[in-house]
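To keep things clear, I will list the structure first and then write my remarks on it.
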Amino acid sequence: MTNKVQGGQDLALADLLDRALSTGVVIWGEATISLAGVDLVYVGLKVLVASVDAAQRMKDASLVDRPTDGGQRI
Amino acid sequence: MSSATSIVYVYGVLTNCTNLALDMPPGDLAGLVESGPLRMLPFGNIAALVCDFVLPDGSDLETILEDSRSAERLILNHHQVLVDMVGRHTILPLRFGAVFTEDAGVIAALGDRFSVLQNALGRIDGALEWGVKTFCDRKLLRQHVAGAVSEISSLESEIADQGEGKAFFLRRRIERLILEEVEKTLEQCVAGTQEQLKPSVIEETLVKLQPPTLHGHEHDMISNRSYLIARGTEDAFMQSLENLRVAYAPLGLDYQMNGPWPAYSFSDQQLGGGVNDQ
C-alpha cells in the first residue's frame with residue numbers, strides 16, 4: 001500500500017469535531033473577552049457536537065478534498 | 001469601543017522560525033474579516049500562530065458562534081490552517097476557540113506555559129496523528145463463532161433429537177453461548193489489533209465511539225483510536241493494518257484509516273489550563 005497524502009483522506013466532520021473541540025492545547029488565561037467568549041463557545045459547541053444534522057452538513061460540505069476511491073479503507 | 005471588534009485568534013504553537021509562508025487558506029470566515037495575514041507571535045524559541053480578525057459591526061464572537069453554520073465555518077478554518085501548517089512544520093494544535101484581545105495576552109500565555117509548551121512540542125515533533133476505526137459485521141462474526149465453537153455445534157446437533165420443550169432451552173443456551181463467544185472474540189481482535197500496531201506507533205489514545213449516523217458505515221463501530229506516528233513510517237503502519245484486515249476479515253472486521261491530523265489527540269495531556277486558569 002502506498003503512503004496516502006493529505007487531501008486524499010476521508011476526514012469526516014464528526015472526526016474533526018471529536019478532535020478540534022475536545023482535544024488540543026488550552027492556553028488562554030487572560031481576563032478578556034476570551035474568558036467570557038470561551039465559556040459561550042463551549043456551550044454553543046456542545047450543542048453543535050450533539051447535532052447529527054450539523055455534523056452531516058459538515059460532511060456534505062466536504063471538510064477537505066474527498067477521495068475518489070471511496071475513502072481510505074484498507 | 002472600536003477595539004472591542006478586533007480579536008487575535010490563536011491556531012497553534014510551533015517552534016519559532018522565519019521561513020514559513022503564512023497564507024490563510026481560502027474559505028468562508030462567517031463574516032469575520034482578516035485584518036492581515038497569519039502571523040507568528042514569538043516568545044523565546046516558540047511562537048503562536050495567530051490571525052487578526054475584525055468582527056462585523058455590532059457583533060461579537062459569541063453571537064456569531066451561536067449560529068451553528070458560522071461555527072462550522074470557523075472550526076473548518078481552524079482546522080485548515082493547522083492542516084496547511086502541519087504538512088510543513090510541527091505545530092501544537094490549540095483547541096478551537098482560543099481568542100485574545102491583543103498580542104500581549106498571547107505572549108503572556110506562551111510565557112506562563114513556556115516549558116510545558118516546549119515539552120508538548122517535543123512530544124509530537126516529527127510525528128502526525130492518524131485515526132483507525134474498527135467495524136464489525138456481527139452477523140458474519142456470529143456465523144464464524146457458531147461454526148468454530150465445538151460446544152455450540154454439538155448442542156445444535158442435539159436439538160434435532162429433542163422434544164419441543166428441551167429444544168427451546170437448548171436454543172436459548174446456544175444463543176447465550178454465541179453472544180459470549182462473540183464478545184470474547186471481539187475483545188481478542190481489539191487486543192490483537194493493538195498488539196500488531198504497537199511496534200509502528202509512538203503513542204495511541206482512544207477516540208470516542210461514533211453512532212452509525214455519524215460514521216456512516218454499515219456495521220457497528222467497535223473501536224476508534226488515534227495513533228501518533230513518525231513521519232516517513234506511515235507505510236509500515238499501513239502494512240500492519242493491511243495484515244490485520246486480511247487476518248480478521250473472515251471474522252467480519254473492517255478497518256478505516258483517516259488522517260493525517262494535526263496531533264490534536266496528543267496535545268492536551270501535558271497541559272493544564274482552561275477557562276479558569278489565570
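Each chain in the C-alpha cells gets a letter, A, B, ..., in the order shown, and its residues are numbered from 1; ligands are numbered from 1 in order too.
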Could you build a table of the residues in chain B lying no more than 7 Å from chain A, giving for each the nearest pair of atoms and their separation in Å rounded to one decimal place, using only C-alpha atoms, ordered by chain and ascending residue number, as JSON lines?
{"residue": "B:Leu61", "atom": "CA", "partner": "A:Gly37", "partner_atom": "CA", "distance": 6.9}
{"residue": "B:Glu62", "atom": "CA", "partner": "A:Gly37", "partner_atom": "CA", "distance": 5.6}
{"residue": "B:Leu65", "atom": "CA", "partner": "A:Val41", "partner_atom": "CA", "distance": 6.5}
{"residue": "B:Glu66", "atom": "CA", "partner": "A:Gly44", "partner_atom": "CA", "distance": 5.6}
{"residue": "B:Ser68", "atom": "CA", "partner": "A:Leu48", "partner_atom": "CA", "distance": 6.2}
{"residue": "B:Leu76", "atom": "CA", "partner": "A:Leu63", "partner_atom": "CA", "distance": 6.9}
{"residue": "B:Pro93", "atom": "CA", "partner": "A:Gly24", "partner_atom": "CA", "distance": 5.3}
{"residue": "B:Leu94", "atom": "CA", "partner": "A:Val25", "partner_atom": "CA", "distance": 4.4}
{"residue": "B:Arg95", "atom": "CA", "partner": "A:Gly24", "partner_atom": "CA", "distance": 4.3}
{"residue": "B:Phe96", "atom": "CA", "partner": "A:Ala20", "partner_atom": "CA", "distance": 5.6}
{"residue": "B:Gly97", "atom": "CA", "partner": "A:Val38", "partner_atom": "CA", "distance": 6.2}
{"residue": "B:Ala98", "atom": "CA", "partner": "A:Trp28", "partner_atom": "CA", "distance": 6.2}
{"residue": "B:Val99", "atom": "CA", "partner": "A:Ser34", "partner_atom": "CA", "distance": 5.0}
{"residue": "B:Phe100", "atom": "CA", "partner": "A:Ser34", "partner_atom": "CA", "distance": 5.5}
{"residue": "B:Thr101", "atom": "CA", "partner": "A:Thr32", "partner_atom": "CA", "distance": 6.6}
{"residue": "B:Gly105", "atom": "CA", "partner": "A:Glu30", "partner_atom": "CA", "distance": 6.0}
{"residue": "B:Ala109", "atom": "CA", "partner": "A:Ile27", "partner_atom": "CA", "distance": 6.1}
{"residue": "B:Leu214", "atom": "CA", "partner": "A:Ala14", "partner_atom": "CA", "distance": 6.3}
{"residue": "B:Glu234", "atom": "CA", "partner": "A:Asn3", "partner_atom": "CA", "distance": 6.5}
{"residue": "B:Asp235", "atom": "CA", "partner": "A:Asn3", "partner_atom": "CA", "distance": 5.6}
{"residue": "B:Met238", "atom": "CA", "partner": "A:Met1", "partner_atom": "CA", "distance": 7.0}
{"residue": "B:Gln239", "atom": "CA", "partner": "A:Met1", "partner_atom": "CA", "distance": 6.7}
{"residue": "B:Glu242", "atom": "CA", "partner": "A:Ile74", "partner_atom": "CA", "distance": 5.9}
{"residue": "B:Tyr255", "atom": "CA", "partner": "A:Ile74", "partner_atom": "CA", "distance": 6.3}
{"residue": "B:Gln256", "atom": "CA", "partner": "A:Arg73", "partner_atom": "CA", "distance": 4.7}
{"residue": "B:Met257", "atom": "CA", "partner": "A:Gln72", "partner_atom": "CA", "distance": 5.9}
{"residue": "B:Asn258", "atom": "CA", "partner": "A:Gln9", "partner_atom": "CA", "distance": 6.0}
{"residue": "B:Gly259", "atom": "CA", "partner": "A:Gln9", "partner_atom": "CA", "distance": 6.2}
{"residue": "B:Pro260", "atom": "CA", "partner": "A:Gln6", "partner_atom": "CA", "distance": 6.5}
{"residue": "B:Tyr264", "atom": "CA", "partner": "A:Gly24", "partner_atom": "CA", "distance": 4.5}
{"residue": "B:Ser265", "atom": "CA", "partner": "A:Thr23", "partner_atom": "CA", "distance": 5.6}
{"residue": "B:Ser267", "atom": "CA", "partner": "A:Gly24", "partner_atom": "CA", "distance": 5.1}
{"residue": "B:Asp268", "atom": "CA", "partner": "A:Val25", "partner_atom": "CA", "distance": 4.8}
{"residue": "B:Leu271", "atom": "CA", "partner": "A:Val25", "partner_atom": "CA", "distance": 6.8}
{"residue": "B:Gly273", "atom": "CA", "partner": "A:Val26", "partner_atom": "CA", "distance": 6.0}
{"residue": "B:Gly274", "atom": "CA", "partner": "A:Val26", "partner_atom": "CA", "distance": 5.5}
{"residue": "B:Val275", "atom": "CA", "partner": "A:Leu35", "partner_atom": "CA", "distance": 5.9}
{"residue": "B:Asp277", "atom": "CA", "partner": "A:Gly29", "partner_atom": "CA", "distance": 5.4}
{"residue": "B:Gln278", "atom": "CA", "partner": "A:Gly29", "partner_atom": "CA", "distance": 4.8}
Export N, CA and C atoms of the chosen residues as a compact mmCIF listing (two decimals), in the first residue's frame?
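Heads up, here's the output in result16.txt:
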# COMPACT_ATOMS: atom_id res chain seq x y z
N LEU B 61 -18.10 37.64 18.93
CA LEU B 61 -17.80 36.26 18.52
C LEU B 61 -18.80 35.27 19.10
N GLU B 62 -19.22 35.53 20.33
CA GLU B 62 -20.15 34.60 20.96
C GLU B 62 -21.44 34.49 20.14
N LEU B 65 -20.90 32.56 16.98
CA LEU B 65 -20.74 31.12 17.19
C LEU B 65 -22.03 30.43 17.63
N GLU B 66 -23.00 31.23 18.04
CA GLU B 66 -24.29 30.62 18.39
C GLU B 66 -24.99 30.09 17.15
N SER B 68 -24.89 27.72 14.28
CA SER B 68 -24.08 26.52 14.08
C SER B 68 -23.37 26.54 12.73
N LEU B 76 -13.82 24.83 10.64
CA LEU B 76 -13.11 24.38 9.44
C LEU B 76 -11.89 25.25 9.16
N PRO B 93 -1.46 21.86 18.04
CA PRO B 93 -2.76 22.48 17.76
C PRO B 93 -3.45 22.94 19.04
N LEU B 94 -3.99 24.13 18.98
CA LEU B 94 -4.81 24.58 20.10
C LEU B 94 -6.24 24.11 19.88
N ARG B 95 -6.92 23.94 20.98
CA ARG B 95 -8.34 23.63 20.87
C ARG B 95 -9.05 24.82 20.22
N PHE B 96 -10.07 24.55 19.45
CA PHE B 96 -10.80 25.62 18.78
C PHE B 96 -11.32 26.63 19.81
N GLY B 97 -11.18 27.91 19.47
CA GLY B 97 -11.80 28.95 20.29
C GLY B 97 -10.86 29.75 21.16
N ALA B 98 -9.56 29.73 20.88
CA ALA B 98 -8.61 30.50 21.69
C ALA B 98 -8.52 31.93 21.13
N VAL B 99 -9.12 32.85 21.83
CA VAL B 99 -9.24 34.22 21.34
C VAL B 99 -8.68 35.19 22.37
N PHE B 100 -7.90 36.13 21.91
CA PHE B 100 -7.34 37.17 22.77
C PHE B 100 -7.68 38.53 22.19
N THR B 101 -7.64 39.53 23.05
CA THR B 101 -7.93 40.87 22.55
C THR B 101 -6.69 41.53 21.96
N GLY B 105 -1.57 39.44 25.38
CA GLY B 105 -2.21 38.33 26.09
C GLY B 105 -1.70 36.99 25.58
N ALA B 109 0.51 34.29 27.67
CA ALA B 109 0.08 32.89 27.80
C ALA B 109 1.22 31.95 27.42
N LEU B 214 -23.22 9.04 12.38
CA LEU B 214 -22.01 9.83 12.14
C LEU B 214 -20.96 9.06 11.35
N GLU B 234 4.77 5.83 7.93
CA GLU B 234 3.35 5.50 7.75
C GLU B 234 3.15 4.20 6.99
N ASP B 235 4.06 3.91 6.06
CA ASP B 235 3.90 2.70 5.25
C ASP B 235 3.92 1.43 6.11
N MET B 238 0.63 1.20 7.84
CA MET B 238 -0.44 0.79 6.92
C MET B 238 -0.31 -0.68 6.54
N GLN B 239 0.91 -1.16 6.43
CA GLN B 239 1.10 -2.57 6.10
C GLN B 239 0.61 -3.45 7.25
N GLU B 242 -3.06 -3.53 7.04
CA GLU B 242 -3.48 -4.39 5.93
C GLU B 242 -3.39 -5.86 6.34
N TYR B 255 -11.42 -2.25 8.77
CA TYR B 255 -10.69 -1.10 9.33
C TYR B 255 -10.77 0.09 8.38
N GLN B 256 -10.91 1.27 8.95
CA GLN B 256 -10.82 2.50 8.16
C GLN B 256 -9.79 3.41 8.81
N MET B 257 -8.91 3.91 7.97
CA MET B 257 -7.87 4.80 8.48
C MET B 257 -8.18 6.22 8.02
N ASN B 258 -7.95 7.20 8.88
CA ASN B 258 -8.15 8.59 8.48
C ASN B 258 -6.99 9.43 8.98
N GLY B 259 -6.74 10.52 8.27
CA GLY B 259 -5.64 11.40 8.63
C GLY B 259 -4.86 11.77 7.40
N PRO B 260 -3.71 12.40 7.53
CA PRO B 260 -3.11 12.75 8.82
C PRO B 260 -3.76 13.98 9.44
N TYR B 264 -3.90 16.64 17.45
CA TYR B 264 -4.90 17.09 18.44
C TYR B 264 -4.93 16.17 19.66
N SER B 265 -5.00 14.88 19.39
CA SER B 265 -5.24 13.94 20.49
C SER B 265 -4.01 13.70 21.36
N SER B 267 -1.98 16.38 22.32
CA SER B 267 -1.51 17.72 22.66
C SER B 267 -2.17 18.27 23.91
N ASP B 268 -2.97 17.50 24.57
CA ASP B 268 -3.68 18.11 25.70
C ASP B 268 -3.35 17.48 27.04
N LEU B 271 -0.73 19.55 29.47
CA LEU B 271 -1.00 20.94 29.80
C LEU B 271 -2.27 21.07 30.61
N GLY B 273 -4.58 24.21 32.51
CA GLY B 273 -5.14 25.43 31.94
C GLY B 273 -6.60 25.26 31.61
N GLY B 274 -7.13 26.24 30.93
CA GLY B 274 -8.55 26.22 30.63
C GLY B 274 -9.13 27.58 30.94
N VAL B 275 -10.42 27.66 30.90
CA VAL B 275 -11.06 28.97 31.02
C VAL B 275 -10.87 29.60 32.39
N ASP B 277 -8.14 29.24 34.23
CA ASP B 277 -6.70 29.27 34.53
C ASP B 277 -6.17 30.69 34.34
N GLN B 278 -5.90 31.35 35.42
CA GLN B 278 -5.41 32.72 35.30
C GLN B 278 -4.14 32.89 36.09
DSSP on the backbone: which residues in segment 15-85 of chain B end up as strand (DSSP E)? Give the answer as a count of residues only.
17
If we count only C-alpha atoms, what is near Gln118 of chain B at a cut-off of 8 Å, once residues fewer than 4 positions away on the same chain are taken out, given as a list in words?
Ile46, Phe114 and Gly122 of chain B
Excluding Pro37 of chain B and its own-chain neighbours fewer than 3 positions away, which residues fall within 7 Å of it when counting only C-alpha atoms? Please give them as an mmCIF file with C-alpha atoms, in the first residue's frame.
data_model
loop_
_atom_site.group_PDB
_atom_site.id
_atom_site.type_symbol
_atom_site.label_atom_id
_atom_site.label_comp_id
_atom_site.auth_asym_id
_atom_site.auth_seq_id
_atom_site.Cartn_x
_atom_site.Cartn_y
_atom_site.Cartn_z
ATOM 1 C CA LEU B 22 1.848 32.268 6.265
ATOM 2 C CA ASP B 23 -1.022 32.379 3.814
ATOM 3 C CA MET B 24 -4.545 31.984 5.040
ATOM 4 C CA CYS B 51 -4.570 35.835 12.789
#
Computed gap from atom CA of Ser223 of chain B to atom CA of Thr205 of chain B is 11.0 Å
Just the residues within 9 Å of segment 138-143 of chain B, please, counting only C-alpha atoms, with nothing from its chain fewer than 6 positions along; format it as a PyMOL selection string.
chain B and resi 178-179+181-182+185-186+219-220+250-253
Same residues, N, CA and C atoms, saved as a PDB file, in the first residue's frame:
ATOM      1  N   ILE B 178     -23.294 -18.140  22.043  1.00  0.00           N
ATOM      2  CA  ILE B 178     -22.841 -17.371  20.867  1.00  0.00           C
ATOM      3  C   ILE B 178     -22.536 -15.925  21.270  1.00  0.00           C
ATOM      4  N   LEU B 179     -23.448 -15.326  22.041  1.00  0.00           N
ATOM      5  CA  LEU B 179     -23.223 -13.937  22.463  1.00  0.00           C
ATOM      6  C   LEU B 179     -21.933 -13.801  23.262  1.00  0.00           C
ATOM      7  N   GLU B 181     -19.329 -15.787  23.128  1.00  0.00           N
ATOM      8  CA  GLU B 181     -18.175 -16.011  22.243  1.00  0.00           C
ATOM      9  C   GLU B 181     -17.918 -14.818  21.333  1.00  0.00           C
ATOM     10  N   VAL B 182     -19.010 -14.192  20.885  1.00  0.00           N
ATOM     11  CA  VAL B 182     -18.855 -13.011  20.027  1.00  0.00           C
ATOM     12  C   VAL B 182     -18.103 -11.916  20.783  1.00  0.00           C
ATOM     13  N   THR B 185     -14.495 -12.899  21.369  1.00  0.00           N
ATOM     14  CA  THR B 185     -13.711 -12.810  20.132  1.00  0.00           C
ATOM     15  C   THR B 185     -13.409 -11.356  19.783  1.00  0.00           C
ATOM     16  N   LEU B 186     -14.397 -10.486  19.976  1.00  0.00           N
ATOM     17  CA  LEU B 186     -14.166  -9.066  19.689  1.00  0.00           C
ATOM     18  C   LEU B 186     -13.058  -8.503  20.572  1.00  0.00           C
ATOM     19  N   HIS B 219     -21.744  -1.339   9.363  1.00  0.00           N
ATOM     20  CA  HIS B 219     -21.614  -2.217  10.536  1.00  0.00           C
ATOM     21  C   HIS B 219     -21.262  -1.418  11.792  1.00  0.00           C
ATOM     22  N   ASP B 220     -21.265  -2.103  12.915  1.00  0.00           N
ATOM     23  CA  ASP B 220     -21.029  -1.434  14.200  1.00  0.00           C
ATOM     24  C   ASP B 220     -19.572  -0.999  14.345  1.00  0.00           C
ATOM     25  N   PRO B 250     -12.337 -12.716   7.817  1.00  0.00           N
ATOM     26  CA  PRO B 250     -13.289 -13.827   7.976  1.00  0.00           C
ATOM     27  C   PRO B 250     -14.149 -13.696   9.237  1.00  0.00           C
ATOM     28  N   LEU B 251     -13.695 -12.907  10.189  1.00  0.00           N
ATOM     29  CA  LEU B 251     -14.459 -12.696  11.413  1.00  0.00           C
ATOM     30  C   LEU B 251     -15.378 -11.471  11.305  1.00  0.00           C
ATOM     31  N   GLY B 252     -15.385 -10.836  10.161  1.00  0.00           N
ATOM     32  CA  GLY B 252     -16.294  -9.707   9.951  1.00  0.00           C
ATOM     33  C   GLY B 252     -15.712  -8.359  10.313  1.00  0.00           C
ATOM     34  N   LEU B 253     -14.412  -8.285  10.550  1.00  0.00           N
ATOM     35  CA  LEU B 253     -13.825  -6.996  10.938  1.00  0.00           C
ATOM     36  C   LEU B 253     -13.376  -6.193   9.712  1.00  0.00           C
TER      37      LEU B 253
END
Can you list, as JSON, numbers by chain, all residues belonging to segment 17-256 of chain B that DSSP tags as alpha helix (DSSP H)?
{"B": [61, 62, 63, 64, 65, 66, 68, 69, 70, 71, 72, 73, 74, 75, 76, 77, 78, 79, 80, 81, 82, 83, 84, 85, 86, 103, 104, 105, 106, 107, 108, 109, 110, 111, 112, 114, 115, 116, 117, 118, 119, 120, 121, 122, 123, 124, 138, 139, 140, 141, 142, 143, 144, 145, 146, 147, 148, 150, 151, 152, 153, 154, 155, 156, 157, 158, 159, 164, 165, 166, 167, 168, 169, 170, 171, 172, 173, 174, 175, 176, 177, 178, 179, 180, 181, 182, 183, 184, 185, 186, 187, 188, 189, 190, 191, 192, 193, 194, 195, 196, 197, 212, 213, 214, 215, 234, 235, 236, 237, 238, 239, 240, 241, 242, 243, 244, 245, 246, 247, 248]}
